[in-house]
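See below for upload-v3.cif, which holds mmCIF, C-alpha atoms.
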```cif
data_query
#
loop_
_atom_site.label_atom_id
_atom_site.label_comp_id
_atom_site.auth_asym_id
_atom_site.auth_seq_id
_atom_site.Cartn_x
_atom_site.Cartn_y
_atom_site.Cartn_z
CA MET A 1 -13.08 168.74 -36.77
CA ALA A 2 -10.32 166.20 -36.86
CA LEU A 3 -8.54 168.05 -34.07
CA THR A 4 -11.53 168.21 -31.75
CA GLU A 5 -12.78 164.60 -32.11
CA PRO A 6 -9.95 163.04 -30.06
CA LEU A 7 -10.42 165.73 -27.42
CA ASP A 8 -14.15 165.10 -27.33
CA SER A 9 -13.57 161.34 -27.09
CA ALA A 10 -11.07 161.80 -24.29
CA ALA A 11 -13.49 164.07 -22.42
CA GLU A 12 -16.30 161.57 -22.86
CA ALA A 13 -14.08 158.75 -21.64
CA ALA A 14 -13.07 160.80 -18.62
CA GLU A 15 -16.70 161.57 -17.86
CA GLU A 16 -17.63 157.90 -18.16
CA ALA A 17 -14.77 156.90 -15.87
CA ALA A 18 -15.79 159.54 -13.35
CA ALA A 19 -19.40 158.38 -13.53
CA GLU A 20 -18.34 154.76 -13.01
CA ALA A 21 -16.16 155.72 -10.05
CA ALA A 22 -19.02 157.75 -8.58
CA ALA A 23 -21.41 154.84 -9.06
CA GLY A 24 -18.94 152.50 -7.42
CA ALA A 25 -18.43 154.89 -4.54
CA ALA A 26 -22.18 155.30 -4.18
CA GLY A 27 -22.60 151.52 -4.12
CA GLU A 28 -20.02 151.22 -1.38
CA ALA A 29 -21.58 154.06 0.56
CA ALA A 30 -24.91 152.22 0.40
CA CYS A 31 -23.22 149.18 1.94
CA PRO A 32 -21.69 150.21 5.26
CA VAL A 33 -18.89 147.99 6.50
CA ARG A 34 -20.09 145.59 9.22
CA HIS A 35 -17.49 144.61 11.80
CA TRP A 36 -17.94 140.87 12.33
CA GLU A 37 -16.57 139.87 15.72
CA VAL A 38 -17.29 136.13 15.21
CA PRO A 39 -18.09 134.95 18.75
CA ASP A 40 -17.45 131.42 20.01
CA LEU A 41 -20.90 129.90 19.52
CA THR A 42 -22.24 126.75 21.12
CA GLY A 43 -24.58 124.06 19.88
CA VAL A 44 -25.95 124.57 16.40
CA ASP A 45 -26.78 128.25 16.94
CA PHE A 46 -26.62 130.18 13.69
CA ASP A 47 -24.28 133.18 13.83
CA PRO A 48 -26.52 136.19 14.62
CA THR A 49 -24.31 138.58 12.68
CA LEU A 50 -24.52 136.42 9.56
CA ALA A 51 -28.31 136.26 9.97
CA GLU A 52 -28.44 140.07 10.10
CA LEU A 53 -26.20 140.38 7.04
CA MET A 54 -28.48 138.02 5.12
CA ARG A 55 -31.47 140.22 5.97
CA GLU A 56 -29.63 143.39 4.94
CA GLY A 57 -29.20 142.24 1.36
CA PRO A 58 -27.63 139.75 -1.03
CA VAL A 59 -24.29 141.60 -1.11
CA THR A 60 -22.91 143.37 1.97
CA ARG A 61 -19.51 144.50 3.24
CA ILE A 62 -17.66 142.99 6.20
CA GLN A 63 -14.51 143.43 8.21
CA LEU A 64 -13.28 140.32 10.03
CA PRO A 65 -11.20 140.35 13.24
CA ASN A 66 -7.83 140.06 11.48
CA GLY A 67 -6.04 141.16 8.34
CA GLU A 68 -6.59 144.43 6.52
CA GLY A 69 -9.39 146.33 4.82
CA TRP A 70 -12.91 145.11 4.11
CA ALA A 71 -14.49 142.54 1.79
CA TRP A 72 -17.77 141.94 0.02
CA LEU A 73 -19.91 139.13 1.41
CA VAL A 74 -22.23 137.21 -0.93
CA THR A 75 -24.99 135.21 0.78
CA ARG A 76 -27.71 134.20 -1.72
CA TYR A 77 -27.51 130.65 -3.08
CA ASP A 78 -27.34 131.47 -6.81
CA ASP A 79 -24.83 134.28 -6.26
CA VAL A 80 -22.65 132.11 -4.03
CA ARG A 81 -22.50 129.40 -6.69
CA MET A 82 -21.79 131.96 -9.41
CA VAL A 83 -18.85 133.50 -7.54
CA ALA A 84 -17.46 130.10 -6.54
CA ASN A 85 -17.54 128.90 -10.14
CA ASP A 86 -16.58 132.13 -11.98
CA LEU A 87 -12.94 132.50 -13.03
CA ARG A 88 -13.25 136.28 -12.69
CA PHE A 89 -12.95 135.66 -8.94
CA SER A 90 -9.44 134.44 -8.23
CA ARG A 91 -8.04 132.57 -5.25
CA GLU A 92 -4.49 132.96 -6.55
CA ALA A 93 -4.76 136.76 -6.51
CA VAL A 94 -5.16 136.64 -2.71
CA LEU A 95 -1.41 136.02 -2.58
CA GLU A 96 -0.76 139.48 -3.95
CA GLN A 97 -2.69 141.59 -1.46
CA PRO A 98 -3.65 141.64 2.23
CA VAL A 99 -7.29 140.88 3.01
CA THR A 100 -9.53 140.97 6.04
CA ARG A 101 -9.73 137.46 7.49
CA LEU A 102 -10.83 135.33 10.45
CA ALA A 103 -7.56 133.68 11.44
CA PRO A 104 -4.83 135.82 13.03
CA HIS A 105 -2.02 133.61 11.73
CA PHE A 106 -3.28 132.92 8.21
CA ILE A 107 -0.47 132.95 5.65
CA PRO A 108 -1.38 131.48 2.24
CA ASP A 109 1.26 129.21 0.76
CA ARG A 110 2.21 129.90 -2.84
CA GLY A 111 1.41 126.82 -4.89
CA ALA A 112 -1.10 125.42 -2.37
CA VAL A 113 -4.15 124.01 -4.14
CA GLY A 114 -6.51 126.24 -2.16
CA PHE A 115 -4.84 129.27 -3.75
CA LEU A 116 -4.51 128.04 -7.31
CA ASP A 117 -6.77 128.88 -10.22
CA PRO A 118 -7.42 126.67 -13.26
CA PRO A 119 -5.63 125.26 -15.18
CA ASP A 120 -2.98 124.66 -12.47
CA HIS A 121 -5.67 123.90 -9.91
CA THR A 122 -7.28 121.39 -12.26
CA ARG A 123 -3.94 119.69 -12.97
CA LEU A 124 -3.15 119.29 -9.29
CA ARG A 125 -6.61 118.03 -8.31
CA ARG A 126 -6.51 115.53 -11.15
CA SER A 127 -3.41 113.87 -9.71
CA VAL A 128 -5.31 112.60 -6.62
CA ALA A 129 -8.79 112.20 -8.13
CA PRO A 130 -8.65 108.37 -8.26
CA ALA A 131 -8.46 108.23 -4.45
CA LEU A 132 -11.31 110.67 -3.81
CA THR A 133 -13.96 109.98 -6.46
CA SER A 134 -16.95 107.78 -5.62
CA LYS A 135 -15.07 104.72 -6.85
CA GLY A 136 -11.97 105.56 -4.86
CA VAL A 137 -13.95 106.21 -1.70
CA GLU A 138 -15.86 102.95 -2.09
CA ARG A 139 -12.49 101.22 -2.16
CA VAL A 140 -11.98 102.09 1.52
CA ARG A 141 -15.59 101.63 2.69
CA GLU A 142 -15.11 98.13 4.09
CA LYS A 143 -11.79 98.98 5.74
CA ALA A 144 -13.36 102.08 7.28
CA ARG A 145 -16.34 100.09 8.55
CA LEU A 146 -14.05 97.52 10.16
CA MET A 147 -11.98 100.25 11.82
CA LEU A 148 -15.16 101.85 13.16
CA ASP A 149 -16.43 98.49 14.45
CA GLU A 150 -13.22 98.06 16.44
CA ILE A 151 -13.53 101.56 17.89
CA VAL A 152 -17.17 101.00 18.90
CA ASP A 153 -16.29 97.55 20.30
CA GLU A 154 -13.86 99.23 22.65
CA LEU A 155 -16.43 101.87 23.58
CA VAL A 156 -19.03 99.20 24.44
CA GLN A 157 -16.47 97.16 26.38
CA ASP A 158 -15.46 100.14 28.51
CA GLY A 159 -19.10 101.00 29.13
CA PRO A 160 -20.85 104.29 29.86
CA PRO A 161 -20.47 107.14 30.42
CA ALA A 162 -18.05 108.22 27.70
CA ASP A 163 -16.87 111.21 25.74
CA LEU A 164 -18.10 110.43 22.23
CA THR A 165 -15.66 112.95 20.73
CA ALA A 166 -12.57 111.38 22.29
CA THR A 167 -13.64 107.76 21.91
CA VAL A 168 -15.21 107.70 18.42
CA LEU A 169 -15.66 111.00 16.58
CA SER A 170 -11.98 111.92 16.74
CA PRO A 171 -10.12 108.61 16.26
CA PHE A 172 -12.35 107.37 13.44
CA PRO A 173 -11.86 110.27 10.96
CA ILE A 174 -8.15 110.31 11.80
CA ALA A 175 -7.87 106.61 11.00
CA VAL A 176 -9.83 106.98 7.76
CA ILE A 177 -7.99 110.00 6.39
CA CYS A 178 -4.64 108.46 7.26
CA GLU A 179 -5.70 105.29 5.43
CA VAL A 180 -6.73 107.31 2.36
CA MET A 181 -3.55 109.39 2.50
CA GLY A 182 -1.27 106.40 2.98
CA VAL A 183 0.00 107.59 6.37
CA PRO A 184 1.17 104.68 8.59
CA ALA A 185 -1.03 103.94 11.61
CA ALA A 186 1.90 104.67 13.94
CA ASP A 187 1.88 108.32 12.80
CA ARG A 188 -1.83 109.00 13.27
CA HIS A 189 -1.47 110.66 16.67
CA THR A 190 1.25 113.01 15.44
CA MET A 191 -0.92 114.00 12.48
CA HIS A 192 -3.80 114.73 14.85
CA ILE A 193 -1.67 116.98 17.08
CA TRP A 194 -0.36 118.94 14.08
CA THR A 195 -3.88 119.35 12.68
CA GLN A 196 -5.31 120.67 15.94
CA LEU A 197 -2.52 123.23 16.25
CA ILE A 198 -3.02 124.39 12.67
CA LEU A 199 -6.80 124.69 12.94
CA SER A 200 -6.88 126.61 16.22
CA SER A 201 -6.28 130.32 16.64
CA ARG A 202 -5.68 129.94 20.40
CA HIS A 203 -2.01 129.00 20.23
CA GLY A 204 -0.83 131.89 18.09
CA LYS A 205 0.82 132.24 14.72
CA GLU A 206 4.23 130.79 15.58
CA VAL A 207 2.89 127.53 17.03
CA SER A 208 0.47 127.06 14.13
CA GLU A 209 3.10 127.77 11.47
CA LYS A 210 5.60 125.45 13.15
CA ALA A 211 3.05 122.61 13.08
CA LYS A 212 2.32 123.35 9.43
CA ARG A 213 6.03 123.26 8.54
CA GLU A 214 6.50 119.98 10.39
CA MET A 215 3.53 118.37 8.67
CA GLY A 216 4.82 119.64 5.32
CA ALA A 217 8.28 118.19 5.96
CA TYR A 218 6.70 114.85 6.87
CA PHE A 219 4.73 114.71 3.64
CA ALA A 220 7.72 115.84 1.58
CA ASP A 221 9.61 112.79 2.86
CA LEU A 222 6.67 110.41 2.43
CA ILE A 223 5.82 111.57 -1.10
CA GLY A 224 9.49 111.60 -2.07
CA LEU A 225 9.76 107.93 -1.12
CA ARG A 226 6.85 107.01 -3.42
CA GLU A 227 7.89 108.53 -6.73
CA ASN A 228 7.71 105.15 -8.43
CA SER A 229 4.68 103.87 -6.54
CA THR A 230 1.67 102.19 -8.09
CA GLY A 231 -0.34 102.48 -4.88
CA GLU A 232 -3.87 103.90 -4.76
CA ASP A 233 -3.49 106.09 -1.69
CA VAL A 234 -3.07 109.87 -2.02
CA CYS A 235 0.64 110.03 -1.19
CA SER A 236 1.41 107.24 -3.66
CA LEU A 237 -0.58 109.02 -6.38
CA LEU A 238 1.21 112.28 -5.60
CA GLY A 239 4.59 110.55 -5.53
CA ALA A 240 3.95 109.01 -8.94
CA ALA A 241 2.80 112.36 -10.35
CA VAL A 242 5.96 114.03 -9.01
CA GLY A 243 8.05 111.25 -10.51
CA ARG A 244 6.44 111.80 -13.92
CA GLY A 245 7.06 115.53 -13.69
CA GLU A 246 3.35 116.38 -13.73
CA VAL A 247 3.34 117.95 -10.25
CA ALA A 248 6.08 119.79 -8.37
CA LEU A 249 6.97 118.38 -4.95
CA GLU A 250 6.01 121.69 -3.31
CA GLU A 251 2.56 121.50 -4.91
CA ALA A 252 2.14 117.87 -3.86
CA VAL A 253 3.04 118.67 -0.27
CA GLY A 254 0.60 121.60 -0.14
CA LEU A 255 -2.23 119.40 -1.38
CA ALA A 256 -1.36 116.60 1.05
CA VAL A 257 -1.40 119.01 4.00
CA LEU A 258 -4.76 120.43 2.91
CA LEU A 259 -6.33 116.98 2.54
CA GLN A 260 -4.96 115.71 5.84
CA ILE A 261 -6.26 118.73 7.74
CA GLY A 262 -9.59 118.65 5.94
CA GLY A 263 -10.03 115.00 6.85
CA GLU A 264 -10.36 115.88 10.51
CA ALA A 265 -13.17 118.34 9.83
CA VAL A 266 -15.41 115.27 10.02
CA THR A 267 -14.76 115.19 13.78
CA ASN A 268 -16.34 118.58 14.29
CA ASN A 269 -19.08 118.13 11.69
CA SER A 270 -20.13 114.78 13.16
CA GLY A 271 -19.87 116.27 16.66
CA GLN A 272 -22.43 118.93 15.71
CA LEU A 273 -24.53 116.35 13.89
CA PHE A 274 -24.74 114.05 16.91
CA TYR A 275 -25.21 116.96 19.32
CA LEU A 276 -28.20 117.99 17.22
CA LEU A 277 -29.64 114.47 17.17
CA LEU A 278 -29.08 113.94 20.90
CA THR A 279 -30.90 117.17 21.70
CA ARG A 280 -33.76 116.39 19.29
CA PRO A 281 -35.16 112.98 20.36
CA ASP A 282 -37.81 113.17 17.65
CA LEU A 283 -35.14 113.22 14.94
CA LEU A 284 -33.05 110.55 16.65
CA ASP A 285 -35.99 108.18 17.09
CA ARG A 286 -36.99 108.54 13.47
CA LEU A 287 -33.49 107.69 12.25
CA ARG A 288 -33.44 104.66 14.55
CA THR A 289 -36.75 103.32 13.28
CA GLU A 290 -36.41 104.32 9.61
CA PRO A 291 -32.85 103.43 8.56
CA ALA A 292 -33.79 103.76 4.88
CA ILE A 293 -34.01 107.55 5.18
CA ARG A 294 -30.57 107.96 6.77
CA PRO A 295 -28.58 108.94 3.64
CA ARG A 296 -31.09 111.66 2.76
CA ALA A 297 -31.32 112.72 6.42
CA ILE A 298 -27.54 113.09 6.66
CA ASP A 299 -27.60 115.46 3.69
CA GLU A 300 -30.25 117.53 5.45
CA LEU A 301 -28.26 117.62 8.69
CA LEU A 302 -25.16 118.66 6.75
CA ARG A 303 -27.19 121.46 5.17
CA TYR A 304 -28.45 122.64 8.53
CA ILE A 305 -25.45 122.50 10.87
CA PRO A 306 -23.21 125.61 10.90
CA HIS A 307 -20.05 123.65 10.21
CA ARG A 308 -17.60 126.55 10.30
CA SER A 309 -17.05 129.89 11.99
CA ALA A 310 -17.77 132.93 9.78
CA VAL A 311 -16.40 132.37 6.25
CA GLY A 312 -13.64 130.39 4.58
CA LEU A 313 -11.09 131.51 2.02
CA CYS A 314 -11.28 134.77 0.13
CA ARG A 315 -11.33 135.52 -3.60
CA ILE A 316 -10.26 138.64 -5.49
CA ALA A 317 -12.29 140.06 -8.37
CA THR A 318 -10.02 140.34 -11.42
CA GLN A 319 -12.47 142.60 -13.27
CA ASP A 320 -15.59 144.58 -12.52
CA VAL A 321 -18.61 142.33 -11.91
CA GLU A 322 -22.15 143.28 -10.97
CA ILE A 323 -24.07 141.14 -8.48
CA LYS A 324 -27.68 142.02 -7.65
CA GLY A 325 -27.11 145.63 -8.67
CA VAL A 326 -23.91 146.00 -6.64
CA ARG A 327 -20.70 146.67 -8.55
CA ILE A 328 -17.78 144.54 -7.39
CA ARG A 329 -14.70 146.32 -8.70
CA ALA A 330 -11.48 144.71 -9.95
CA GLY A 331 -9.20 144.18 -6.96
CA ASP A 332 -12.02 143.91 -4.40
CA ALA A 333 -11.93 141.05 -1.90
CA VAL A 334 -15.01 138.79 -1.98
CA TYR A 335 -16.21 136.11 0.42
CA VAL A 336 -19.07 133.69 -0.12
CA SER A 337 -21.06 132.13 2.72
CA TYR A 338 -22.05 128.54 2.12
CA LEU A 339 -23.83 128.58 5.49
CA ALA A 340 -26.05 131.42 4.30
CA ALA A 341 -26.63 129.79 0.91
CA ASN A 342 -27.86 126.66 2.69
CA ARG A 343 -30.56 128.78 4.39
CA ASP A 344 -31.74 130.58 1.25
CA PRO A 345 -35.57 130.37 1.25
CA ALA A 346 -35.61 130.75 -2.54
CA VAL A 347 -34.00 127.30 -2.78
CA PHE A 348 -34.90 125.51 0.47
CA THR A 349 -38.51 125.60 1.64
CA ASP A 350 -38.66 126.49 5.35
CA PRO A 351 -34.84 126.55 5.57
CA GLU A 352 -34.88 126.84 9.39
CA THR A 353 -36.79 123.55 9.62
CA ILE A 354 -35.00 120.20 9.58
CA ASP A 355 -36.76 118.01 7.04
CA LEU A 356 -35.12 114.59 7.10
CA THR A 357 -36.68 113.63 3.77
CA ARG A 358 -35.99 116.93 1.98
CA SER A 359 -35.67 116.30 -1.75
CA PRO A 360 -34.10 117.69 -3.77
CA ASN A 361 -31.43 118.99 -1.41
CA PRO A 362 -28.75 120.79 -3.43
CA HIS A 363 -26.86 122.03 -0.38
CA VAL A 364 -23.38 123.49 -0.75
CA SER A 365 -21.91 122.27 2.54
CA PHE A 366 -18.90 120.92 0.66
CA GLY A 367 -18.54 124.05 -1.45
CA PHE A 368 -19.06 124.48 -5.17
CA GLY A 369 -17.08 124.94 -8.37
CA PRO A 370 -13.38 124.18 -8.87
CA HIS A 371 -12.70 124.38 -5.13
CA TYR A 372 -15.45 121.93 -4.15
CA CYS A 373 -14.12 120.01 -1.15
CA PRO A 374 -12.03 117.14 -2.57
CA GLY A 375 -12.95 115.02 0.47
CA GLY A 376 -16.69 115.59 0.15
CA GLN A 377 -17.48 112.02 -0.91
CA LEU A 378 -15.29 110.64 1.86
CA GLY A 379 -16.87 112.88 4.50
CA ARG A 380 -20.37 111.78 3.51
CA LEU A 381 -19.30 108.11 3.68
CA GLU A 382 -17.90 108.59 7.19
CA GLU A 383 -21.09 110.28 8.42
CA GLU A 384 -23.17 107.39 7.06
CA LEU A 385 -20.99 104.80 8.78
CA LEU A 386 -21.04 106.72 12.07
CA VAL A 387 -24.81 107.11 12.11
CA ASP A 388 -25.36 103.42 11.30
CA ALA A 389 -22.87 102.16 13.90
CA LEU A 390 -23.85 104.40 16.81
CA LEU A 391 -27.62 104.27 16.34
CA ASP A 392 -27.75 100.51 15.72
CA ARG A 393 -25.24 99.37 18.32
CA LEU A 394 -26.13 101.87 21.05
CA PRO A 395 -29.95 102.06 20.93
CA GLY A 396 -30.08 103.94 24.25
CA LEU A 397 -27.48 106.56 23.28
CA ARG A 398 -28.22 109.92 24.93
CA LEU A 399 -26.45 112.92 26.42
CA ALA A 400 -24.99 112.38 29.88
CA VAL A 401 -25.26 116.09 30.75
CA PRO A 402 -27.76 118.86 30.01
CA PRO A 403 -27.26 120.27 26.48
CA GLU A 404 -26.06 123.62 27.79
CA GLN A 405 -23.21 121.89 29.62
CA VAL A 406 -21.65 120.46 26.45
CA PRO A 407 -18.49 122.53 25.87
CA PHE A 408 -17.78 123.74 22.34
CA ARG A 409 -14.37 124.58 20.90
CA LYS A 410 -13.16 128.14 21.31
CA GLY A 411 -11.12 129.98 18.71
CA ALA A 412 -11.73 127.21 16.17
CA LEU A 413 -12.14 127.75 12.44
CA ILE A 414 -14.34 124.63 12.24
CA ARG A 415 -17.12 124.52 14.82
CA GLY A 416 -17.76 121.50 17.01
CA PRO A 417 -18.00 120.21 20.59
CA GLU A 418 -14.80 119.91 22.59
CA THR A 419 -16.30 116.91 24.35
CA LEU A 420 -19.63 115.15 23.89
CA PRO A 421 -20.51 113.32 27.15
CA VAL A 422 -22.91 110.43 26.47
CA THR A 423 -24.38 107.40 28.14
CA TRP A 424 -26.58 104.52 26.95
#
```
Go ahead and render the structure in this file as structure tokens.
Amino acid sequence: MALTEPLDSAAEAAEEAAAEAAAGAAGEAACPVRHWEVPDLTGVDFDPTLAELMREGPVTRIQLPNGEGWAWLVTRYDDVRMVANDLRFSREAVLEQPVTRLAPHFIPDRGAVGFLDPPDHTRLRRSVAPALTSKGVERVREKARLMLDEIVDELVQDGPPADLTATVLSPFPIAVICEVMGVPAADRHTMHIWTQLILSSRHGKEVSEKAKREMGAYFADLIGLRENSTGEDVCSLLGAAVGRGEVALEEAVGLAVLLQIGGEAVTNNSGQLFYLLLTRPDLLDRLRTEPAIRPRAIDELLRYIPHRSAVGLCRIATQDVEIKGVRIRAGDAVYVSYLAANRDPAVFTDPETIDLTRSPNPHVSFGFGPHYCPGGQLGRLEEELLVDALLDRLPGLRLAVPPEQVPFRKGALIRGPETLPVTW
């Protein structure tokens, strides 16, 4: 008996393993891999492939235009939040294996905050928190409002027609993020050029990587000069943290690059927001006549607009996890779709309808969990200032061309209009 028990146990274990493998294989077979071409979409059109994937089920499989293999896609609100907040799904593990992805030139940097897991991720985010919390953002509100007033003054002085993207929606977020980062005003244009090259897939891998290296070298110098700083801007906070030995210079540079690039996402998000308002006079008129609802309305517009193309950064399951009856196996690549989560009818009544007074509105446009967008508070502040300034100072603001003639960016990771021709 003693001799057969281990053999029996081994046989049972083998059978269980085989059954688990068969179940996993059956689960995958039930989820065919969908090739997601990710077209260049215009306006606020929702990606038709994503809409189909949402209808197919809460967990599907996708293959993006670049990279290798396939990945699970999670689209339901509760599941998206679970994956984004569950340490069993690792960003850091993406460094160890190739994954299917949107960008052709995507190369994750080791030590970059976007690819760190707690506790290192928490330590690095903590170093810049004072500049990006509600209190820190309020510190720059008045300066940001004054900068926007100057930009709109110039727009009014030059008169219509104008490209709202070039005259307001691009220079304002650049000025604000550079102020928050501690980047001198003289270097704003250079930062903008680098950011555009990094965010676009049109120029190829070499051009994008060169821009990223140059921006990184710039921040390495700037942060290195501020190791004893007591300033409240991001680079001063990072410099002080490096000086105290709490953060490595390489980590500080990676975070600075991420924040600088992310700061310009407001250009595209606000471009979509204003395109939507300018093509929906009913919404625009209501915001003009009921300024008290603007903060809540902005949240609803942020929920509704498809602010990015396809999906963002990947995670790797570090152990087997079951989601809605689908087994995600250790080592599998997993994407979440915040765009899909924001249209989940189980959470948002009539999700395809824009309800400017929707409450509550727990949208996940800025992400969720440890990797919640560090500039979320700042982005919301900028949208509020832009809506107030443009609606109050330009009461006749309207598109200068038919909506279908507004060109949208091609090959961009973050969606938005290339130009937004307006008159008033």
Polymer residues at most 12 Å from (-28.2, 141.7, 9.8) by all atoms listed in the file, as a ChimeraX atom specification: /A:31-36,47-62,75,340
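In this comparison, which uses all atoms listed in the file, the residue of A:Asp299, A:Asp350, A:Glu138, A:Glu227 approaching Ala252 (chain A) most closely is A:Glu227.
Going from CA of Leu64 (chain A) over to CA of Gly312 (chain A), you cover 11.3 Å.
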Picked residues, the PyMOL selection byres ((chain A and resi 341) around 8), expected as an MDAnalysis selection string: chainID A and resid 75:78 80 337:340 342:344 363:364
Go through region 150-176 of chain A residue by residue and, counting only C-alpha atoms, keep those with an atom at most 12 Å from region 402-424 of chain A; for each kept residue give the shortest atom pair and its distance in Å to one decimal, ordered by chain and increasing number, as a tab-separated table.
```
residue	atom	partner	partner_atom	distance
A:Leu155	CA	A:Thr423	CA	10.7
A:Val156	CA	A:Trp424	CA	9.6
A:Asp158	CA	A:Thr423	CA	11.5
A:Gly159	CA	A:Thr423	CA	8.4
A:Pro160	CA	A:Thr423	CA	5.0
A:Pro161	CA	A:Thr423	CA	4.5
A:Ala162	CA	A:Val422	CA	5.5
A:Asp163	CA	A:Pro421	CA	4.4
A:Leu164	CA	A:Leu420	CA	5.2
A:Thr165	CA	A:Thr419	CA	5.4
A:Ala166	CA	A:Thr419	CA	7.0
A:Thr167	CA	A:Leu420	CA	9.7
A:Val168	CA	A:Leu420	CA	10.2
A:Leu169	CA	A:Leu420	CA	9.3
A:Ser170	CA	A:Thr419	CA	10.1
```
Which of A:Leu378, A:Val321, A:Ala400, A:Ala84 sits closest to Gly136 (chain A) [using only C-alpha atoms]: A:Leu378
Selection dump of the PyMOL selection byres ((chain A and resi 87) around 10), as a ChimeraX atom specification: /A:82-86,88-91,117-118,317-318,369-370
Residue among A:Asp388, A:Glu214, A:Glu68, A:Asp45 lying closest to Tyr304 (chain A), counting only C-alpha atoms: A:Asp45
Between CA of Arg141 (chain A) and CA of Ile177 (chain A) - distance in Å to one decimal: 11.9 Å
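If you measure from each of A:Met181, A:Ala131, A:Val176, A:Ile305 to Glu352 (chain A) using only C-alpha atoms, the closest one turns out to be A:Ile305.
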Kindly reconstruct region 71-82 of chain A with N, CA, C and O atoms and present the result as a CSV table (one decimal), in the coordinates of the input.
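Dumped to rebuild39.csv:
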```csv
chain,number,residue,atom,x,y,z
A,71,ALA,N,-14.2,143.5,2.9
A,71,ALA,CA,-14.5,142.5,1.8
A,71,ALA,C,-16.0,142.5,1.6
A,71,ALA,O,-16.8,142.7,2.5
A,72,TRP,N,-16.4,142.2,0.3
A,72,TRP,CA,-17.8,141.9,0.0
A,72,TRP,C,-18.1,140.6,0.5
A,72,TRP,O,-17.3,139.6,0.5
A,73,LEU,N,-19.4,140.4,1.0
A,73,LEU,CA,-19.9,139.1,1.4
A,73,LEU,C,-21.1,138.8,0.6
A,73,LEU,O,-22.1,139.6,0.5
A,74,VAL,N,-21.1,137.7,-0.1
A,74,VAL,CA,-22.2,137.2,-0.9
A,74,VAL,C,-22.9,136.1,-0.2
A,74,VAL,O,-22.3,135.1,0.2
A,75,THR,N,-24.3,136.2,-0.1
A,75,THR,CA,-25.0,135.2,0.8
A,75,THR,C,-26.1,134.4,0.1
A,75,THR,O,-26.5,133.4,0.6
A,76,ARG,N,-26.6,134.9,-1.0
A,76,ARG,CA,-27.7,134.2,-1.7
A,76,ARG,C,-27.2,133.0,-2.5
A,76,ARG,O,-26.1,133.1,-3.1
A,77,TYR,N,-27.9,131.9,-2.5
A,77,TYR,CA,-27.5,130.6,-3.1
A,77,TYR,C,-27.0,130.8,-4.5
A,77,TYR,O,-25.9,130.4,-4.8
A,78,ASP,N,-27.8,131.4,-5.4
A,78,ASP,CA,-27.3,131.5,-6.8
A,78,ASP,C,-26.1,132.3,-7.0
A,78,ASP,O,-25.2,132.0,-7.8
A,79,ASP,N,-26.0,133.4,-6.2
A,79,ASP,CA,-24.8,134.3,-6.3
A,79,ASP,C,-23.6,133.6,-5.7
A,79,ASP,O,-22.5,133.7,-6.2
A,80,VAL,N,-23.8,132.8,-4.6
A,80,VAL,CA,-22.6,132.1,-4.0
A,80,VAL,C,-22.1,131.1,-5.0
A,80,VAL,O,-20.9,131.0,-5.2
A,81,ARG,N,-23.0,130.4,-5.7
A,81,ARG,CA,-22.5,129.4,-6.7
A,81,ARG,C,-21.8,130.1,-7.9
A,81,ARG,O,-20.9,129.6,-8.4
A,82,MET,N,-22.4,131.2,-8.3
A,82,MET,CA,-21.8,132.0,-9.4
A,82,MET,C,-20.4,132.4,-9.1
A,82,MET,O,-19.4,132.2,-9.9
```
